[in-house]
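Peer 1: Next comes the structure file protein.pdb, holding PDB, C-alpha atoms.
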ATOM      1  CA  MET A   3    -216.846 -66.375-108.718
ATOM      2  CA  THR A   4    -215.670 -65.288-105.294
ATOM      3  CA  PRO A   5    -214.955 -61.523-105.548
ATOM      4  CA  GLY A   6    -211.415 -60.173-105.290
ATOM      5  CA  LEU A   7    -209.507 -63.169-106.650
ATOM      6  CA  GLU A   8    -208.059 -61.635-109.813
ATOM      7  CA  VAL A   9    -204.556 -62.709-110.833
ATOM      8  CA  GLY A  10    -201.703 -60.408-111.795
ATOM      9  CA  PRO A  11    -198.128 -59.388-110.969
ATOM     10  CA  LYS A  12    -199.237 -57.454-107.860
ATOM     11  CA  ALA A  13    -201.982 -59.792-106.692
ATOM     12  CA  ALA A  14    -201.608 -61.169-103.170
ATOM     13  CA  ASP A  15    -202.556 -64.716-102.293
ATOM     14  CA  ALA A  16    -206.145 -65.110-101.144
ATOM     15  CA  SER A  17    -208.422 -68.049-100.411
ATOM     16  CA  ALA A  18    -211.905 -68.798 -99.121
ATOM     17  CA  ILE A  19    -213.207 -72.142 -97.898
ATOM     18  CA  TRP A  20    -216.711 -73.148 -96.869
ATOM     19  CA  ARG A  21    -219.063 -76.052 -96.601
ATOM     20  CA  PRO A  22    -222.380 -75.847 -98.401
ATOM     21  CA  GLY A  23    -225.456 -77.443 -96.896
ATOM     22  CA  PHE A  24    -224.453 -80.936 -98.047
ATOM     23  CA  SER A  25    -222.551 -83.401 -95.900
ATOM     24  CA  GLY A  26    -219.225 -84.514 -97.316
ATOM     25  CA  ILE A  27    -218.541 -81.495 -99.536
ATOM     26  CA  GLU A  28    -216.073 -78.623 -99.127
ATOM     27  CA  VAL A  29    -215.529 -75.718-101.505
ATOM     28  CA  LEU A  30    -212.287 -73.781-101.953
ATOM     29  CA  HIS A  31    -211.866 -70.654-104.106
ATOM     30  CA  ALA A  32    -208.304 -69.370-104.225
ATOM     31  CA  ARG A  33    -205.788 -67.211-106.028
ATOM     32  CA  PHE A  34    -202.152 -68.159-105.450
ATOM     33  CA  ARG A  35    -199.043 -66.430-106.747
ATOM     34  CA  ARG A  36    -196.630 -67.406-103.978
ATOM     35  CA  HIS A  37    -198.277 -70.260-102.086
ATOM     36  CA  ARG A  38    -196.704 -73.707-102.427
ATOM     37  CA  TYR A  39    -198.535 -76.799-101.270
ATOM     38  CA  SER A  40    -196.480 -79.414 -99.430
ATOM     39  CA  ARG A  41    -196.823 -83.016-100.495
ATOM     40  CA  HIS A  42    -200.185 -84.066 -99.146
ATOM     41  CA  ALA A  43    -203.288 -86.116 -99.815
ATOM     42  CA  HIS A  44    -206.989 -85.661 -99.163
ATOM     43  CA  ASP A  45    -209.598 -88.062 -97.832
ATOM     44  CA  ALA A  46    -211.945 -86.757-100.532
ATOM     45  CA  THR A  47    -211.825 -86.572-104.328
ATOM     46  CA  THR A  48    -210.334 -83.289-105.576
ATOM     47  CA  VAL A  49    -212.104 -81.699-108.548
ATOM     48  CA  ALA A  50    -210.446 -78.394-109.478
ATOM     49  CA  VAL A  51    -211.225 -76.005-112.304
ATOM     50  CA  VAL A  52    -208.493 -73.525-113.312
ATOM     51  CA  ASP A  53    -209.944 -70.116-114.216
ATOM     52  CA  ALA A  54    -206.769 -68.085-114.818
ATOM     53  CA  GLY A  55    -203.032 -68.657-115.117
ATOM     54  CA  ALA A  56    -201.795 -72.216-114.634
ATOM     55  CA  ALA A  57    -201.326 -74.628-111.750
ATOM     56  CA  GLU A  58    -198.331 -76.951-111.730
ATOM     57  CA  PHE A  59    -198.020 -80.045-109.564
ATOM     58  CA  GLU A  60    -196.715 -83.550-109.107
ATOM     59  CA  CYS A  61    -199.290 -86.270-108.630
ATOM     60  CA  ALA A  62    -198.593 -89.979-108.175
ATOM     61  CA  GLY A  63    -195.054 -89.501-109.468
ATOM     62  CA  ARG A  64    -196.087 -87.599-112.602
ATOM     63  CA  HIS A  65    -195.594 -83.925-113.447
ATOM     64  CA  HIS A  66    -198.648 -81.968-114.597
ATOM     65  CA  VAL A  67    -199.521 -78.445-115.718
ATOM     66  CA  ALA A  68    -203.193 -77.427-115.592
ATOM     67  CA  PRO A  69    -203.748 -74.273-117.695
ATOM     68  CA  ARG A  70    -206.733 -71.971-117.795
ATOM     69  CA  GLY A  71    -209.875 -73.787-118.856
ATOM     70  CA  SER A  72    -208.709 -77.211-117.711
ATOM     71  CA  VAL A  73    -209.892 -79.404-114.857
ATOM     72  CA  PHE A  74    -207.761 -81.648-112.700
ATOM     73  CA  LEU A  75    -209.023 -84.736-110.911
ATOM     74  CA  ILE A  76    -207.252 -86.410-107.981
ATOM     75  CA  SER A  77    -208.558 -89.512-106.224
ATOM     76  CA  PRO A  78    -208.641 -89.774-102.415
ATOM     77  CA  GLY A  79    -205.339 -90.692-100.789
ATOM     78  CA  VAL A  80    -203.195 -89.770-103.827
ATOM     79  CA  VAL A  81    -200.202 -87.645-102.809
ATOM     80  CA  HIS A  82    -199.682 -84.429-104.764
ATOM     81  CA  THR A  83    -198.067 -80.986-104.558
ATOM     82  CA  GLY A  84    -199.126 -77.627-105.990
ATOM     83  CA  VAL A  85    -197.278 -74.507-107.181
ATOM     84  CA  PRO A  86    -198.039 -71.630-109.557
ATOM     85  CA  GLY A  87    -197.294 -72.584-113.149
ATOM     86  CA  ASP A  88    -197.461 -68.981-114.390
ATOM     87  CA  PRO A  89    -195.479 -65.903-113.244
ATOM     88  CA  ASP A  90    -198.755 -64.180-112.325
ATOM     89  CA  GLY A  91    -200.025 -67.196-110.424
ATOM     90  CA  TYR A  92    -203.306 -68.973-110.907
ATOM     91  CA  ARG A  93    -206.921 -68.822-109.794
ATOM     92  CA  TYR A  94    -208.923 -71.974-109.250
ATOM     93  CA  ARG A  95    -212.083 -73.341-107.706
ATOM     94  CA  VAL A  96    -212.144 -76.714-106.006
ATOM     95  CA  LEU A  97    -214.768 -79.196-104.905
ATOM     96  CA  TYR A  98    -213.699 -81.786-102.328
ATOM     97  CA  LEU A  99    -216.220 -84.614-102.603
ATOM     98  CA  THR A 100    -216.210 -87.575-100.222
ATOM     99  CA  ASP A 101    -217.370 -91.015-101.311
ATOM    100  CA  GLU A 102    -220.449 -90.450 -99.146
ATOM    101  CA  ALA A 103    -221.288 -87.333-101.158
ATOM    102  CA  PHE A 104    -220.895 -89.182-104.472
ATOM    103  CA  THR A 105    -223.165 -91.965-103.244
ATOM    104  CA  ARG A 106    -225.906 -89.474-102.429
ATOM    105  CA  LEU A 107    -225.494 -87.579-105.693
ATOM    106  CA  ARG A 108    -225.413 -90.750-107.819
ATOM    107  CA  PRO A 109    -227.246 -93.533-105.966
ATOM    108  CA  GLY A 110    -226.227 -96.982-107.102
ATOM    109  CA  GLN A 111    -223.008 -95.759-108.748
ATOM    110  CA  ALA A 112    -219.545 -96.405-107.334
ATOM    111  CA  PRO A 113    -217.528 -93.283-106.445
ATOM    112  CA  PRO A 114    -215.183 -92.521-109.365
ATOM    113  CA  ARG A 115    -211.458 -93.087-109.324
ATOM    114  CA  PHE A 116    -209.125 -91.474-111.836
ATOM    115  CA  ALA A 117    -205.982 -92.701-113.585
ATOM    116  CA  ALA A 118    -202.787 -90.804-112.772
ATOM    117  CA  ALA A 119    -202.101 -90.312-116.481
ATOM    118  CA  ASP A 120    -205.456 -88.549-116.911
ATOM    119  CA  THR A 121    -205.208 -86.140-113.982
ATOM    120  CA  VAL A 122    -205.572 -82.990-116.138
ATOM    121  CA  VAL A 123    -208.501 -83.075-118.558
ATOM    122  CA  ARG A 124    -209.869 -80.751-121.228
ATOM    123  CA  ASP A 125    -213.626 -81.219-121.087
ATOM    124  CA  PRO A 126    -215.611 -78.059-121.933
ATOM    125  CA  GLU A 127    -218.875 -79.606-120.747
ATOM    126  CA  LEU A 128    -217.376 -80.560-117.379
ATOM    127  CA  TYR A 129    -215.914 -77.047-117.077
ATOM    128  CA  LEU A 130    -219.346 -75.513-117.717
ATOM    129  CA  ARG A 131    -221.034 -77.788-115.185
ATOM    130  CA  LEU A 132    -218.402 -76.989-112.569
ATOM    131  CA  ASP A 133    -218.688 -73.270-113.276
ATOM    132  CA  ALA A 134    -222.463 -73.430-112.832
ATOM    133  CA  ALA A 135    -222.136 -75.422-109.602
ATOM    134  CA  HIS A 136    -219.584 -73.034-108.118
ATOM    135  CA  ARG A 137    -221.675 -69.985-108.970
ATOM    136  CA  LEU A 138    -224.692 -71.519-107.250
ATOM    137  CA  LEU A 139    -222.666 -72.662-104.231
ATOM    138  CA  ALA A 140    -221.151 -69.173-103.825
ATOM    139  CA  GLY A 141    -224.520 -67.427-103.953
ATOM    140  CA  PRO A 142    -227.935 -67.513-102.331
ATOM    141  CA  ALA A 143    -229.318 -70.243-104.617
ATOM    142  CA  ALA A 144    -231.876 -72.713-103.328
ATOM    143  CA  PRO A 145    -230.444 -76.006-101.992
ATOM    144  CA  ALA A 146    -232.389 -77.941-104.648
ATOM    145  CA  ALA A 147    -230.660 -75.992-107.426
ATOM    146  CA  GLN A 148    -227.253 -76.499-105.811
ATOM    147  CA  ARG A 149    -227.859 -80.226-105.438
ATOM    148  CA  ALA A 150    -228.961 -80.544-109.074
ATOM    149  CA  ALA A 151    -225.807 -78.760-110.239
ATOM    150  CA  LEU A 152    -223.621 -81.012-108.094
ATOM    151  CA  ALA A 153    -225.397 -84.100-109.425
ATOM    152  CA  ALA A 154    -224.704 -82.906-112.982
ATOM    153  CA  VAL A 155    -221.006 -82.564-112.111
ATOM    154  CA  ALA A 156    -220.919 -86.035-110.546
ATOM    155  CA  ALA A 157    -222.566 -87.552-113.610
ATOM    156  CA  ARG A 158    -220.006 -85.978-115.941
ATOM    157  CA  LEU A 159    -217.125 -87.117-113.719
ATOM    158  CA  GLY A 160    -218.289 -90.685-114.213
ATOM    159  CA  GLY A 161    -217.164 -90.427-117.832
ATOM    160  CA  HIS A 162    -213.572 -89.812-116.708
ATOM    161  CA  ALA A 163    -213.439 -92.608-114.145
ATOM    162  CA  VAL A 164    -211.261 -95.684-114.486
ATOM    163  CA  ARG A 165    -213.376 -98.490-115.919
ATOM    164  CA  GLY A 166    -213.597-101.956-114.434
ATOM    165  CA  PRO A 167    -212.718-103.090-110.898
ATOM    166  CA  GLN A 168    -210.898-100.495-108.854
ATOM    167  CA  VAL A 169    -207.958-102.456-107.484
ATOM    168  CA  GLU A 170    -206.124-100.969-104.537
ATOM    169  CA  ASP A 171    -202.342-100.631-104.717
ATOM    170  CA  ALA A 172    -201.098-104.063-103.672
ATOM    171  CA  ARG A 173    -197.392-103.373-103.120
ATOM    172  CA  GLY A 174    -197.925-103.429 -99.345
ATOM    173  CA  HIS A 175    -194.304-103.731 -98.217
ATOM    174  CA  ARG A 176    -194.301-105.303 -94.756
ATOM    175  CA  ALA A 177    -191.935-102.681 -93.324
ATOM    176  CA  VAL A 178    -194.130 -99.857 -94.664
ATOM    177  CA  ALA A 179    -197.241-101.387 -93.094
ATOM    178  CA  ALA A 180    -195.429-101.698 -89.772
ATOM    179  CA  ALA A 181    -194.153 -98.119 -89.960
ATOM    180  CA  ARG A 182    -197.593 -96.740 -90.807
ATOM    181  CA  ALA A 183    -199.161 -98.587 -87.880
ATOM    182  CA  TYR A 184    -196.422 -97.296 -85.560
ATOM    183  CA  LEU A 185    -196.892 -93.700 -86.712
ATOM    184  CA  GLU A 186    -200.676 -93.837 -86.567
ATOM    185  CA  ALA A 187    -200.535 -95.105 -82.991
ATOM    186  CA  ARG A 188    -198.143 -92.268 -82.063
ATOM    187  CA  ALA A 189    -199.305 -89.494 -84.391
ATOM    188  CA  THR A 190    -199.028 -86.733 -81.799
ATOM    189  CA  THR A 191    -195.728 -87.787 -80.192
ATOM    190  CA  LYS A 192    -192.129 -87.431 -81.342
ATOM    191  CA  VAL A 193    -190.956 -90.454 -83.321
ATOM    192  CA  THR A 194    -187.339 -90.742 -84.441
ATOM    193  CA  LEU A 195    -186.337 -92.511 -87.618
ATOM    194  CA  ALA A 196    -184.306 -94.933 -85.483
ATOM    195  CA  ASP A 197    -187.425 -95.811 -83.457
ATOM    196  CA  LEU A 198    -189.411 -96.326 -86.638
ATOM    197  CA  ALA A 199    -186.702 -98.477 -88.233
ATOM    198  CA  ARG A 200    -186.521-100.712 -85.165
ATOM    199  CA  ALA A 201    -190.305-101.133 -85.182
ATOM    200  CA  SER A 202    -190.187-101.997 -88.885
ATOM    201  CA  GLU A 203    -187.152-104.281 -88.563
ATOM    202  CA  VAL A 204    -185.244-102.676 -91.438
ATOM    203  CA  SER A 205    -182.466-100.095 -91.693
ATOM    204  CA  PRO A 206    -183.412 -96.398 -91.556
ATOM    205  CA  TYR A 207    -182.166 -95.868 -95.128
ATOM    206  CA  HIS A 208    -184.167 -98.793 -96.492
ATOM    207  CA  LEU A 209    -187.292 -97.712 -94.614
ATOM    208  CA  VAL A 210    -187.207 -94.154 -95.985
ATOM    209  CA  ARG A 211    -186.658 -95.484 -99.509
ATOM    210  CA  VAL A 212    -189.517 -98.021 -99.534
ATOM    211  CA  PHE A 213    -191.870 -95.809 -97.500
ATOM    212  CA  SER A 214    -191.431 -92.863 -99.879
ATOM    213  CA  ALA A 215    -191.731 -95.079-102.952
ATOM    214  CA  GLU A 216    -194.959 -96.682-101.748
ATOM    215  CA  LEU A 217    -196.767 -93.734-100.139
ATOM    216  CA  GLY A 218    -195.285 -90.748-101.976
ATOM    217  CA  VAL A 219    -194.001 -89.042 -98.825
ATOM    218  CA  PRO A 220    -191.277 -89.830 -96.258
ATOM    219  CA  PRO A 221    -192.278 -90.940 -92.746
ATOM    220  CA  HIS A 222    -191.964 -87.467 -91.181
ATOM    221  CA  ALA A 223    -194.288 -85.917 -93.765
ATOM    222  CA  TYR A 224    -196.735 -88.797 -93.321
ATOM    223  CA  GLN A 225    -196.868 -88.087 -89.593
ATOM    224  CA  LEU A 226    -197.415 -84.379 -90.259
ATOM    225  CA  GLY A 227    -200.368 -85.330 -92.454
ATOM    226  CA  LEU A 228    -201.802 -87.395 -89.602
ATOM    227  CA  ARG A 229    -201.437 -84.401 -87.291
ATOM    228  CA  VAL A 230    -203.183 -82.105 -89.755
ATOM    229  CA  ARG A 231    -206.061 -84.602 -89.911
ATOM    230  CA  ILE A 232    -206.279 -84.647 -86.112
ATOM    231  CA  ALA A 233    -206.200 -80.837 -85.997
ATOM    232  CA  ARG A 234    -209.009 -80.675 -88.568
ATOM    233  CA  GLY A 235    -211.125 -82.919 -86.381
ATOM    234  CA  LEU A 236    -210.450 -80.810 -83.295
ATOM    235  CA  LEU A 237    -211.261 -77.571 -85.128
ATOM    236  CA  GLU A 238    -214.479 -79.125 -86.475
ATOM    237  CA  ALA A 239    -215.414 -79.991 -82.891
ATOM    238  CA  GLY A 240    -214.981 -76.360 -81.833
ATOM    239  CA  ALA A 241    -211.447 -76.366 -80.418
ATOM    240  CA  THR A 242    -209.386 -73.201 -80.606
ATOM    241  CA  ALA A 243    -206.359 -73.191 -82.886
ATOM    242  CA  ALA A 244    -204.076 -73.126 -79.824
ATOM    243  CA  ARG A 245    -205.732 -76.209 -78.345
ATOM    244  CA  ALA A 246    -205.750 -77.994 -81.703
ATOM    245  CA  ALA A 247    -202.025 -77.310 -82.081
ATOM    246  CA  SER A 248    -201.246 -78.659 -78.622
ATOM    247  CA  GLU A 249    -203.391 -81.782 -78.838
ATOM    248  CA  ALA A 250    -202.378 -82.642 -82.400
ATOM    249  CA  GLY A 251    -198.664 -82.602 -81.555
ATOM    250  CA  PHE A 252    -197.496 -79.325 -83.104
ATOM    251  CA  CYS A 253    -194.852 -77.198 -81.410
ATOM    252  CA  ASP A 254    -197.192 -74.226 -81.122
ATOM    253  CA  GLN A 255    -200.038 -72.453 -82.897
ATOM    254  CA  ALA A 256    -197.686 -70.817 -85.409
ATOM    255  CA  HIS A 257    -196.311 -74.224 -86.376
ATOM    256  CA  LEU A 258    -199.834 -75.560 -86.883
ATOM    257  CA  SER A 259    -200.753 -72.541 -89.007
ATOM    258  CA  ARG A 260    -197.744 -72.950 -91.312
ATOM    259  CA  VAL A 261    -198.229 -76.676 -91.832
ATOM    260  CA  PHE A 262    -202.039 -76.524 -92.018
ATOM    261  CA  LYS A 263    -201.965 -73.908 -94.774
ATOM    262  CA  SER A 264    -199.262 -75.768 -96.706
ATOM    263  CA  TYR A 265    -201.556 -78.815 -96.746
ATOM    264  CA  THR A 266    -204.967 -77.170 -97.236
ATOM    265  CA  GLY A 267    -204.435 -73.712 -98.734
ATOM    266  CA  VAL A 268    -206.243 -72.026 -95.821
ATOM    267  CA  THR A 269    -205.409 -71.150 -92.227
ATOM    268  CA  PRO A 270    -206.801 -73.032 -89.213
ATOM    269  CA  GLY A 271    -208.926 -69.951 -88.444
ATOM    270  CA  GLN A 272    -210.483 -69.942 -91.913
ATOM    271  CA  PHE A 273    -211.203 -73.667 -91.654
ATOM    272  CA  ALA A 274    -212.728 -73.303 -88.182
ATOM    273  CA  ARG A 275    -215.008 -70.475 -89.321
ATOM    274  CA  ALA A 276    -216.145 -72.546 -92.308
ATOM    275  CA  THR A 277    -217.055 -75.501 -90.107
ATOM    276  CA  ARG A 278    -218.873 -73.259 -87.620
ATOM    277  CA  ARG A 279    -221.005 -71.802 -90.420
ATOM    278  CA  ALA A 280    -221.755 -75.307 -91.671
ATOM    279  CA  ASN A 281    -222.718 -76.491 -88.188
ATOM    280  CA  ARG A 282    -225.180 -73.589 -87.946
ATOM    281  CA  GLY A 283    -226.689 -74.665 -91.252
ATOM    282  CA  ALA A 284    -225.469 -71.645 -93.202
ATOM    283  CA  PRO A 285    -224.637 -72.061 -96.921
TER     284      PRO A 285
END
Can the structure in the file be given as structure tokens, please?
Peer 2:
Amino acid sequence: MTPGLEVGPKAADASAIWRPGFSGIEVLHARFRRHRYSRHAHDATTVAVVDAGAAEFECAGRHHVAPRGSVFLISPGVVHTGVPGDPDGYRYRVLYLTDEAFTRLRPGQAPPRFAAADTVVRDPELYLRLDAAHRLLAGPAAPAAQRAALAAVAARLGGHAVRGPQVEDARGHRAVAAARAYLEARATTKVTLADLARASEVSPYHLVRVFSAELGVPPHAYQLGLRVRIARGLLEAGATAARAASEAGFCDQAHLSRVFKSYTGVTPGQFARATRRANRGAP
């Protein structure tokens, strides 16, 4: 357990993020009493274990509460929120595992995907395996021991995966596809709803309605998510927060910091330090 993350009525928010010596894996340990996540999605699978209090969130249109001792599982690309579900907040530990990481941990097995109805699970064995993995990842354990613990987690996650072919969402509204392409080509520039509606050949009202229904966020929030992704890439490459803010299309560094933390739970500075340690090969 990362020291200093106790919960309570006077506890301040605190978080720590790092990358262990394995490509495609990030670790977050956090205590939140005030922090609210904006609607967002990750490129990696989210595997979170709640150690104290309760986390409350919407995921894929469903409301969930994850109490102490539970685990919640969110597939890549699934939009979700996150708020304290207890007056004293909550403490949790998260693994973000890319498909590449799963493939290395479980060769020959498809990366798991999870049903929205089964986001919060009560699995004591999975909790124990996650606890062991986090303790090893937070300490000076040998890489072989860390890898074995992560492999044990990945194996247990396979039991919670959706069985059978993993079919992608096929709604694919033409206007939504056009709007996404327009935003992705102009992620760092100002795009008005009128511009986006013209490019999609539908009314602004209709576009917001179908876009939000299909992707879980309105167009403006989708573009903010694209900008956060660009900023992450710039910070990983060694850019300063000021440069990342400018090149990713944010008004200024303060704007980047507010949005970045609302999406990731950490500041751009914390994220940059974590990537620098990982690039130097530190645990």
Peer 1: Can you spell out as a PyMOL selection string the set of residues that the PyMOL selection byres ((chain A and resi 176) around 12) selects in the structure I just provided?
Peer 2: chain A and resi 172-175+177-183+201-204+209+212-213+216
Peer 1: Evaluate the PyMOL selection byres ((chain A and resi 161) around 12) and record the selected residues as a list in words, following the chain and residue labels used in the document.
Peer 2: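 So the PyMOL selection byres ((chain A and resi 161) around 12) ends up selecting Pro113, Pro114, Arg115, Phe116, Asp120, Val123, Asp125, Glu127, Leu128, Ala154, Val155, Ala156, Ala157, Arg158, Leu159, Gly160, His162, Ala163, Val164 and Arg165 of chain A.
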Peer 1: Expanded to explicit residues, what is the PyMOL selection byres ((chain A and resi 228-242) around 8) for this file, as JSON, numbers by chain?
Peer 2: {"A": [186, 189, 190, 224, 225, 226, 227, 243, 244, 245, 246, 247, 249, 250, 251, 252, 258, 261, 262, 265, 270, 273, 274, 277, 278]}
Peer 1: In Å, how far is it from CA of Ala50 (chain A) to CA of Tyr98 (chain A)?
Peer 2: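 Taking CA of Ala50 (chain A) as the start and CA of Tyr98 (chain A) as the end point, the length is 8.6 Å.
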Peer 1: Between A:Tyr39, A:Val49, A:Ser248, A:Ala256, which one has atoms that come closest to Gly271 (chain A), using all atoms listed in the file?
Peer 2: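 Going through A:Tyr39, A:Val49, A:Ser248, A:Ala256 one by one, the smallest distance to Gly271 (chain A) is for A:Ala256.
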Peer 1: Which residues are near Ala62 (chain A)? Cut-off 9 Å, only C-alpha atoms, ignore same chain within fewer than 2 positions. Put them as a PyMOL selection string.
Peer 2: chain A and resi 60+64-65+80-82+118+218
Peer 1: Would you list the contacts of Pro126 (chain A) as number ranges by chain, taking every protein, DNA or RNA residue within 12 Å and counting all atoms listed in the file, but skipping same-chain residues closer than 3 positions in sequence?
Peer 2: A: 51, 70-73, 123, 129-133, 158
Peer 1: Could you tell me how far CA of Leu75 (chain A) lies from CA of Ile27 (chain A), in Å and to one decimal?
Peer 2: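 Spanning CA of Leu75 (chain A) to CA of Ile27 (chain A) is a straight-line distance of 15.2 Å.
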Peer 1: Which residue, A:Val268, A:Val122, A:Ala199, A:Leu30, has the smallest gap to Leu99 (chain A) when you use all atoms listed in the file?
Peer 2: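 Smallest distance to Leu99 (chain A) is found for A:Leu30.
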Peer 1: Could you work out how far CA of Ala276 (chain A) lies from CA of Gly26 (chain A), giving the answer in Å with one decimal?
Peer 2: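 We find that CA of Gly26 (chain A) and CA of Ala276 (chain A) lie 13.3 Å from each other.
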Peer 1: Mind checking which residues fall within 6 Å of region 14-20 of chain A, counting only C-alpha atoms, ignoring those fewer than 6 positions away in the same chain, and posting them as a list in words?
Peer 2: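 Within the cut-off, the hits are Glu28, Val29, Leu30, His31, Ala32, Arg33, Phe34, Arg35 and Ala276 of chain A.
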Peer 1: In terms of the shortest atom-to-atom distance over all atoms listed in the file, which of A:Cys61, A:Arg260, A:Thr266, A:His136 is closest to Arg95 (chain A)?
Peer 2: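 Among A:Cys61, A:Arg260, A:Thr266, A:His136, it is A:His136 that comes nearest to Arg95 (chain A).
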Peer 1: Counting all atoms listed in the file, which of A:Ala135, A:Arg108, A:Tyr184, A:Gly23 gets nearest to Arg200 (chain A)?
Peer 2: A:Tyr184
Peer 1: Considering all atoms listed in the file, can you say which of A:Phe74, A:Val52, A:Pro69, A:Thr269 comes closest to His257 (chain A)?
Peer 2: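 Between A:Phe74, A:Val52, A:Pro69, A:Thr269, the residue approaching His257 (chain A) most closely is A:Thr269.
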Peer 1: Nearest residue to Thr83 (chain A) out of A:Ser25, A:Ser264, A:Thr194, A:Gln255, using all atoms listed in the file?
Peer 2: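 Residue with the minimum atom-to-atom distance to Thr83 (chain A): A:Ser264.
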Peer 1: Centre and edge lengths of an axis-aligned box around all listed atoms of region 129-147 of chain A, with 6 Å added on each side, are to be given in Å to one decimal, as AutoDock Vina command-line options.
Peer 2:
--center_x -224.2 --center_y -72.7 --center_z -109.9 --size_x 28.5 --size_y 22.5 --size_z 27.7
Peer 1: Would you mind writing region 67-72 of chain A with all heavy atoms, as a PDB file, in the frame of the given file?
Peer 2:
ATOM      1  N   VAL A  67    -199.209 -79.865-115.652  1.00  0.00           N
ATOM      2  CA  VAL A  67    -199.521 -78.445-115.718  1.00  0.00           C
ATOM      3  C   VAL A  67    -200.992 -78.338-116.113  1.00  0.00           C
ATOM      4  O   VAL A  67    -201.411 -78.915-117.123  1.00  0.00           O
ATOM      5  CB  VAL A  67    -198.640 -77.697-116.719  1.00  0.00           C
ATOM      6  CG1 VAL A  67    -199.085 -76.234-116.821  1.00  0.00           C
ATOM      7  CG2 VAL A  67    -197.169 -77.775-116.315  1.00  0.00           C
ATOM      8  N   ALA A  68    -201.765 -77.621-115.309  1.00  0.00           N
ATOM      9  CA  ALA A  68    -203.193 -77.427-115.592  1.00  0.00           C
ATOM     10  C   ALA A  68    -203.413 -75.969-115.972  1.00  0.00           C
ATOM     11  O   ALA A  68    -203.423 -75.090-115.106  1.00  0.00           O
ATOM     12  CB  ALA A  68    -204.031 -77.793-114.375  1.00  0.00           C
ATOM     13  N   PRO A  69    -203.577 -75.669-117.255  1.00  0.00           N
ATOM     14  CA  PRO A  69    -203.748 -74.273-117.695  1.00  0.00           C
ATOM     15  C   PRO A  69    -205.193 -73.807-117.555  1.00  0.00           C
ATOM     16  O   PRO A  69    -206.101 -74.598-117.222  1.00  0.00           O
ATOM     17  CB  PRO A  69    -203.340 -74.332-119.163  1.00  0.00           C
ATOM     18  CG  PRO A  69    -203.734 -75.706-119.587  1.00  0.00           C
ATOM     19  CD  PRO A  69    -203.523 -76.597-118.389  1.00  0.00           C
ATOM     20  N   ARG A  70    -205.395 -72.555-117.824  1.00  0.00           N
ATOM     21  CA  ARG A  70    -206.733 -71.971-117.795  1.00  0.00           C
ATOM     22  C   ARG A  70    -207.696 -72.789-118.669  1.00  0.00           C
ATOM     23  O   ARG A  70    -207.373 -73.183-119.783  1.00  0.00           O
ATOM     24  CB  ARG A  70    -206.680 -70.536-118.309  1.00  0.00           C
ATOM     25  CG  ARG A  70    -208.028 -69.851-118.411  1.00  0.00           C
ATOM     26  CD  ARG A  70    -207.880 -68.456-118.974  1.00  0.00           C
ATOM     27  NE  ARG A  70    -209.177 -67.793-119.095  1.00  0.00           N
ATOM     28  CZ  ARG A  70    -209.358 -66.579-119.588  1.00  0.00           C
ATOM     29  NH1 ARG A  70    -208.316 -65.885-120.007  1.00  0.00           N
ATOM     30  NH2 ARG A  70    -210.556 -66.053-119.660  1.00  0.00           N
ATOM     31  N   GLY A  71    -208.863 -73.052-118.118  1.00  0.00           N
ATOM     32  CA  GLY A  71    -209.875 -73.787-118.856  1.00  0.00           C
ATOM     33  C   GLY A  71    -209.823 -75.289-118.662  1.00  0.00           C
ATOM     34  O   GLY A  71    -210.704 -75.997-119.149  1.00  0.00           O
ATOM     35  N   SER A  72    -208.817 -75.769-117.943  1.00  0.00           N
ATOM     36  CA  SER A  72    -208.709 -77.211-117.711  1.00  0.00           C
ATOM     37  C   SER A  72    -209.262 -77.566-116.338  1.00  0.00           C
ATOM     38  O   SER A  72    -209.535 -76.708-115.503  1.00  0.00           O
ATOM     39  CB  SER A  72    -207.252 -77.672-117.823  1.00  0.00           C
ATOM     40  OG  SER A  72    -206.468 -77.112-116.788  1.00  0.00           O
TER      41      SER A  72
END
